[in-house]
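input32.cif follows; it contains mmCIF, C-alpha atoms.
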data_run
#
loop_
_atom_site.label_atom_id
_atom_site.label_comp_id
_atom_site.auth_asym_id
_atom_site.auth_seq_id
_atom_site.Cartn_x
_atom_site.Cartn_y
_atom_site.Cartn_z
CA GLY A 1 -12.32 -28.45 -17.99
CA ARG A 2 -13.14 -24.81 -17.46
CA VAL A 3 -10.27 -22.34 -17.19
CA ILE A 4 -10.75 -18.70 -16.20
CA SER A 5 -8.56 -16.53 -18.39
CA THR A 6 -7.12 -13.03 -18.17
CA PRO A 7 -6.39 -11.02 -21.34
CA LEU A 8 -3.88 -12.86 -23.54
CA THR A 9 -1.84 -12.03 -26.61
CA LEU A 10 -0.87 -15.04 -28.70
CA PRO A 11 2.44 -14.45 -30.52
CA LEU A 12 3.56 -15.78 -33.89
CA GLY A 13 2.59 -19.44 -34.38
CA VAL A 14 1.09 -20.05 -30.93
CA VAL A 15 -2.12 -22.09 -31.05
CA LEU A 16 -4.09 -22.78 -27.87
CA ARG A 17 -5.33 -26.36 -28.00
CA GLY A 18 -7.97 -27.92 -25.79
CA GLN A 19 -9.38 -31.42 -25.49
CA GLY A 20 -12.49 -30.64 -27.57
CA MET A 21 -15.17 -27.98 -28.00
CA ALA A 22 -17.33 -29.57 -25.30
CA ALA A 23 -14.40 -30.51 -23.04
CA THR A 24 -12.27 -27.35 -22.72
CA THR A 25 -13.68 -23.86 -22.07
CA LEU A 26 -11.72 -20.66 -21.60
CA THR A 27 -13.99 -18.42 -19.52
CA ILE A 28 -13.64 -14.65 -19.77
CA THR A 29 -15.20 -12.51 -17.03
CA PHE A 30 -14.16 -8.97 -18.02
CA GLY A 31 -15.43 -6.48 -20.59
CA ALA A 32 -12.41 -5.84 -22.83
CA ALA A 33 -10.52 -7.74 -25.54
CA ALA A 34 -10.04 -11.29 -24.28
CA ILE A 35 -7.49 -12.67 -26.73
CA THR A 36 -5.42 -10.80 -29.28
CA LEU A 37 -3.76 -12.69 -32.10
CA GLY A 38 -0.48 -10.80 -32.10
CA GLY A 39 1.31 -12.88 -34.72
CA ASP A 40 0.70 -14.82 -37.90
CA GLY A 41 -0.39 -18.45 -37.57
CA ALA A 42 -1.77 -17.93 -34.05
CA GLY A 43 -5.17 -19.18 -32.98
CA PHE A 44 -7.22 -21.98 -31.45
CA ARG A 45 -8.07 -25.66 -31.78
CA ASP A 46 -10.55 -27.88 -29.98
CA LEU A 47 -12.00 -25.49 -27.40
CA THR A 48 -14.72 -23.00 -26.47
CA LEU A 49 -14.09 -19.35 -25.64
CA ASP A 50 -16.96 -18.11 -23.44
CA GLY A 51 -17.54 -14.46 -22.50
CA ILE A 52 -20.25 -15.50 -20.02
CA ASN A 53 -22.26 -12.27 -19.88
CA LEU A 54 -22.08 -10.30 -23.16
CA ALA A 55 -20.29 -7.43 -21.36
CA THR A 56 -20.44 -4.16 -23.30
CA GLY A 57 -17.13 -3.63 -25.12
CA SER A 58 -16.04 -7.24 -24.80
CA VAL A 59 -14.29 -8.86 -27.77
CA GLY A 60 -13.58 -12.59 -27.82
CA VAL A 61 -10.75 -12.61 -30.35
CA GLN A 62 -9.16 -9.70 -32.18
CA GLY A 63 -6.25 -9.07 -34.49
CA VAL A 64 -4.73 -6.46 -36.78
CA GLY A 65 -3.10 -7.46 -40.07
CA VAL A 66 -2.99 -11.17 -39.22
CA VAL A 67 -2.02 -13.87 -41.72
CA SER A 68 -3.28 -17.47 -41.32
CA ALA A 69 -5.32 -17.10 -38.12
CA VAL A 70 -6.21 -20.61 -36.89
CA PHE A 71 -9.75 -21.64 -35.88
CA LYS A 72 -10.32 -25.42 -35.96
CA ARG A 73 -13.15 -27.00 -34.00
CA VAL A 74 -13.76 -23.83 -31.98
CA ILE A 75 -16.78 -22.08 -30.45
CA VAL A 76 -16.72 -18.37 -29.56
CA LYS A 77 -19.77 -17.25 -27.59
CA ARG A 78 -21.32 -14.52 -25.43
CA PHE A 79 -19.26 -11.43 -26.30
CA ASP A 80 -20.25 -7.97 -27.51
CA ILE A 81 -18.15 -8.78 -30.60
CA GLY A 82 -17.18 -12.43 -30.99
CA VAL A 83 -14.32 -12.02 -33.49
CA ARG A 84 -12.89 -8.78 -34.94
CA PHE A 85 -10.06 -8.38 -37.45
CA ARG A 86 -8.74 -5.21 -39.07
CA GLY A 87 -6.92 -6.85 -41.95
CA LEU A 88 -6.76 -10.63 -42.33
CA THR A 89 -5.35 -12.85 -45.08
CA ALA A 90 -4.80 -16.47 -46.09
CA CYS A 91 -6.99 -18.26 -43.55
CA THR A 92 -8.54 -21.72 -43.70
CA TRP A 93 -11.02 -22.29 -40.87
CA ASP A 94 -12.75 -25.57 -40.08
CA THR A 95 -15.78 -26.33 -37.88
CA PHE A 96 -15.90 -22.87 -36.34
CA TYR A 97 -18.95 -21.51 -34.51
CA VAL A 98 -19.74 -17.99 -33.31
CA THR A 99 -22.90 -17.68 -31.25
CA ASN A 100 -24.90 -15.48 -28.92
CA CYS A 101 -22.98 -12.23 -29.48
CA VAL A 102 -24.15 -8.74 -30.36
CA VAL A 103 -21.96 -8.87 -33.50
CA GLY A 104 -20.69 -12.36 -34.27
CA MET A 105 -17.80 -11.64 -36.61
CA ASP A 106 -16.48 -8.32 -37.91
CA LEU A 107 -13.97 -8.70 -40.75
CA ARG A 108 -12.89 -5.24 -41.79
CA GLY A 109 -10.58 -4.05 -44.54
CA ASP A 110 -8.93 -1.46 -42.36
CA THR A 111 -5.34 -0.16 -42.23
CA ASP A 112 -5.94 0.75 -38.57
CA ALA A 113 -4.35 4.15 -39.24
CA ALA A 114 -5.55 5.51 -35.89
CA GLY A 115 -3.98 2.60 -34.01
CA THR A 116 -1.13 0.35 -35.10
CA ALA A 117 -1.20 1.18 -38.84
CA LEU A 118 -0.48 -2.53 -39.38
CA GLY A 119 -3.95 -3.51 -40.60
CA GLY A 120 -4.88 -4.02 -44.22
CA VAL A 121 -7.04 -6.02 -46.58
CA VAL A 122 -9.26 -8.97 -45.81
CA ARG A 123 -8.46 -11.52 -48.51
CA GLY A 124 -8.41 -15.26 -48.98
CA VAL A 125 -10.55 -16.38 -46.04
CA SER A 126 -11.97 -19.89 -46.45
CA TRP A 127 -14.36 -21.16 -43.74
CA THR A 128 -15.75 -24.69 -43.95
CA GLY A 129 -18.34 -26.03 -41.50
CA GLY A 130 -19.80 -24.45 -38.41
CA GLY A 131 -22.05 -21.44 -38.15
CA ILE A 132 -23.04 -18.04 -36.88
CA SER A 133 -26.16 -17.88 -34.76
CA LEU A 134 -28.14 -15.91 -32.16
CA CYS A 135 -26.37 -12.58 -32.79
CA THR A 136 -28.52 -9.55 -32.07
CA THR A 137 -27.12 -6.89 -34.46
CA ALA A 138 -25.26 -8.84 -37.16
CA GLY A 139 -23.93 -12.35 -37.59
CA LEU A 140 -21.15 -11.61 -40.09
CA LYS A 141 -19.98 -8.13 -41.10
CA LEU A 142 -17.68 -7.77 -44.12
CA THR A 143 -16.77 -4.09 -44.39
CA PHE A 144 -14.54 -2.00 -46.62
CA PHE A 145 -13.27 0.75 -44.31
CA ASP A 146 -10.12 1.92 -46.10
CA ALA A 147 -8.87 -1.38 -47.57
CA LEU A 148 -10.35 -4.20 -49.67
CA VAL A 149 -12.49 -7.09 -48.46
CA GLU A 150 -12.44 -9.80 -51.12
CA ASN A 151 -12.28 -13.51 -51.84
CA VAL A 152 -14.12 -14.74 -48.76
CA ALA A 153 -15.68 -18.22 -49.08
CA LEU A 154 -18.06 -19.89 -46.63
CA ARG A 155 -18.85 -23.54 -47.30
CA GLY A 156 -21.40 -25.34 -45.17
CA VAL A 157 -21.48 -22.49 -42.65
CA ASP A 158 -25.02 -22.05 -41.28
CA ILE A 159 -26.04 -18.47 -40.64
CA ILE A 160 -29.17 -18.97 -38.58
CA ASP A 161 -31.47 -17.43 -35.98
CA ASN A 162 -29.72 -14.05 -35.86
CA LEU A 163 -32.02 -11.26 -34.68
CA GLY A 164 -30.28 -8.61 -36.81
CA ASP A 165 -28.65 -9.09 -40.20
CA GLY A 166 -27.30 -12.56 -40.89
CA VAL A 167 -24.68 -11.17 -43.27
CA LEU A 168 -23.97 -7.46 -43.66
CA MET A 169 -21.64 -6.51 -46.53
CA ASN A 170 -20.44 -3.02 -47.31
CA GLY A 171 -17.98 -2.82 -50.19
CA ALA A 172 -17.02 -6.51 -50.05
CA ARG A 173 -16.49 -8.35 -53.32
CA ASN A 174 -16.08 -11.94 -54.50
CA VAL A 175 -17.88 -13.39 -51.47
CA SER A 176 -19.39 -16.85 -51.80
CA ILE A 177 -21.69 -18.72 -49.44
CA GLU A 178 -22.21 -22.33 -50.50
CA GLY A 179 -23.86 -25.39 -49.03
CA ALA A 180 -25.36 -23.79 -45.94
CA SER A 181 -28.48 -25.58 -44.74
CA ARG A 182 -30.04 -22.25 -43.72
CA ILE A 183 -29.19 -18.58 -44.19
#
Serialized structure, structure tokens:
Amino acid sequence: GRVISTPLTLPLGVVLRGQGMAATTLTITFGAAAITLGGDGAGFRDLTLDGINLATGSVGVQGVGVVSAVFKRVIVKRFDIGVRFRGLTACTWDTFYVTNCVVGMDLRGDTDAAGTALGGVVRGVSWTGGGISLCTTAGLKLTFFDALVENVALRGVDIIDNLGDGVLMNGARNVSIEGASRI
């Protein structure tokens, strides 16, 4: 069913699991960070995270320096920023959709020196199946801020119907996009 959620931080290894993308929806009704992945191996399976109203400043999922973030059969929709990481490594995502956001996904090589100083590189992200759509500024941003963004692979991920840039890369290297039906 539909569950209204307050801000959550998922610690090391905690994965929220629903009954399916169309069956379980976490509804967020505020304009801040909804869910923070606060530990390695945290994430989501079989659910939808819905920001309802694209509130300015809202972020669906965020993390700093996370290893092995889990997204399997997940939809993130209707946030200012759907997903934002400052440092992210060793992820394998499957059937993951980000839709109807201002910025769909922001993967940033960023040490987060002004915040936690626990950020870092974006490296070794493998995303198979799903898509990024209906984002108004950018679908996927891969940005070198003060750390590397490299070895990101999208396989069968459709990047479609975004009003702004589908993919925006600044300083990213070794990025591959394969088998998408439309980009």
Practice item. Name the closest residue to A:Asp165 among the candidates A:Gly139, A:Gly109, A:Gly104, A:Gly43; distances are taken between atoms, counting only C-alpha atoms. Key: A:Gly139
Check your understanding: Counting all atoms listed in the file, which of A:Thr9, A:Ser176, A:Thr24, A:Thr95 gets nearest to A:Gly60?
Key -> A:Thr9
Exercise for review: For stretch 25-32 of chain A, please output as number ranges by chain all residues within 6 Å (counting only C-alpha atoms; exclusion window: fewer than 3 positions along the same chain).
Suggested key: A: 2-5, 47-51, 55, 57-58
**Study point:** Sphere at (-26.6, -16.8, -36.9), radius 12 Å, counting all atoms listed in the file: residues as number ranges by chain
**Key:** A: 77, 82, 97-105, 130-141, 157-168, 180-183
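Atom CA of A:Gly171 lies 12.0 Å from atom CA of A:Val121.
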Step by step, work through what the PyMOL selection byres ((chain A and resi 148) around 7) selects in the shown file, and finish by giving those residues as a JSON list (two decimals) with C-alpha atoms, in the coordinates of the input.
[["chain", "number", "residue", "atom", "x", "y", "z"],
["A", 109, "GLY", "CA", -10.58, -4.05, -44.54],
["A", 121, "VAL", "CA", -7.04, -6.02, -46.58],
["A", 122, "VAL", "CA", -9.26, -8.97, -45.81],
["A", 144, "PHE", "CA", -14.54, -2.00, -46.62],
["A", 147, "ALA", "CA", -8.87, -1.38, -47.57],
["A", 149, "VAL", "CA", -12.49, -7.09, -48.46],
["A", 150, "GLU", "CA", -12.44, -9.80, -51.12]]
Exercise for review: Would you kindly translate the PyMOL selection byres ((chain A and resi 154) around 7) into the concrete residues it picks from this file, as a list in words?
Suggested key: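 With the shown file as input, the PyMOL selection byres ((chain A and resi 154) around 7) matches Ser126, Trp127, Thr128, Val152, Ala153, Arg155, Gly156, Val157, Ser176, Ile177 and Glu178 of chain A.
Rounded to one decimal, atom CA of A:Val66 and atom CA of A:Asp40 lie 5.4 Å from each other.
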Review point. Just so the selection is clear, what residues does the PyMOL selection byres ((chain A and resi 21) around 6) cover here, as a count of residues only?
Key: 7
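Once A:Leu88 and its same-chain neighbours fewer than 6 positions away are set aside, Gly63, Val64, Gly65, Val66, Val67, Ser68, Ala69, Leu107, Arg108, Gly109, Gly119, Gly120, Val121, Val122, Arg123, Gly124 and Val125 of chain A remain within 9 Å of it when counting all atoms listed in the file.
With atom CA of A:Phe79 on one side and atom CA of A:Thr6 on the other, the separation reads 14.7 Å.
With all atoms listed in the file as the basis for measurement, A:Val76 is the residue among A:Ala113, A:Val76, A:Leu142, A:Leu12 that approaches A:Ile52 most closely.
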Exercise for review: Go through A:Val15, A:Asp94, A:Thr116, A:Asp106 one by one, measure the shortest atom-to-atom distance of each to A:Gly41 using all atoms listed in the file, and give the residue with the smallest value.
Suggested key: A:Val15
Check your understanding: Taking only C-alpha atoms into account, which of A:Thr143, A:Asn174, A:Asn151, A:Thr56 comes nearest A:Phe85?
Key ->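 Residue with the minimum atom-to-atom distance to A:Phe85: A:Thr143.
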Study note, to complete from the structure: Of A:Phe145, A:Pro11, A:Ile35, A:Arg86, the one sitting nearest A:Leu118 when using all atoms listed in the file is A:Arg86
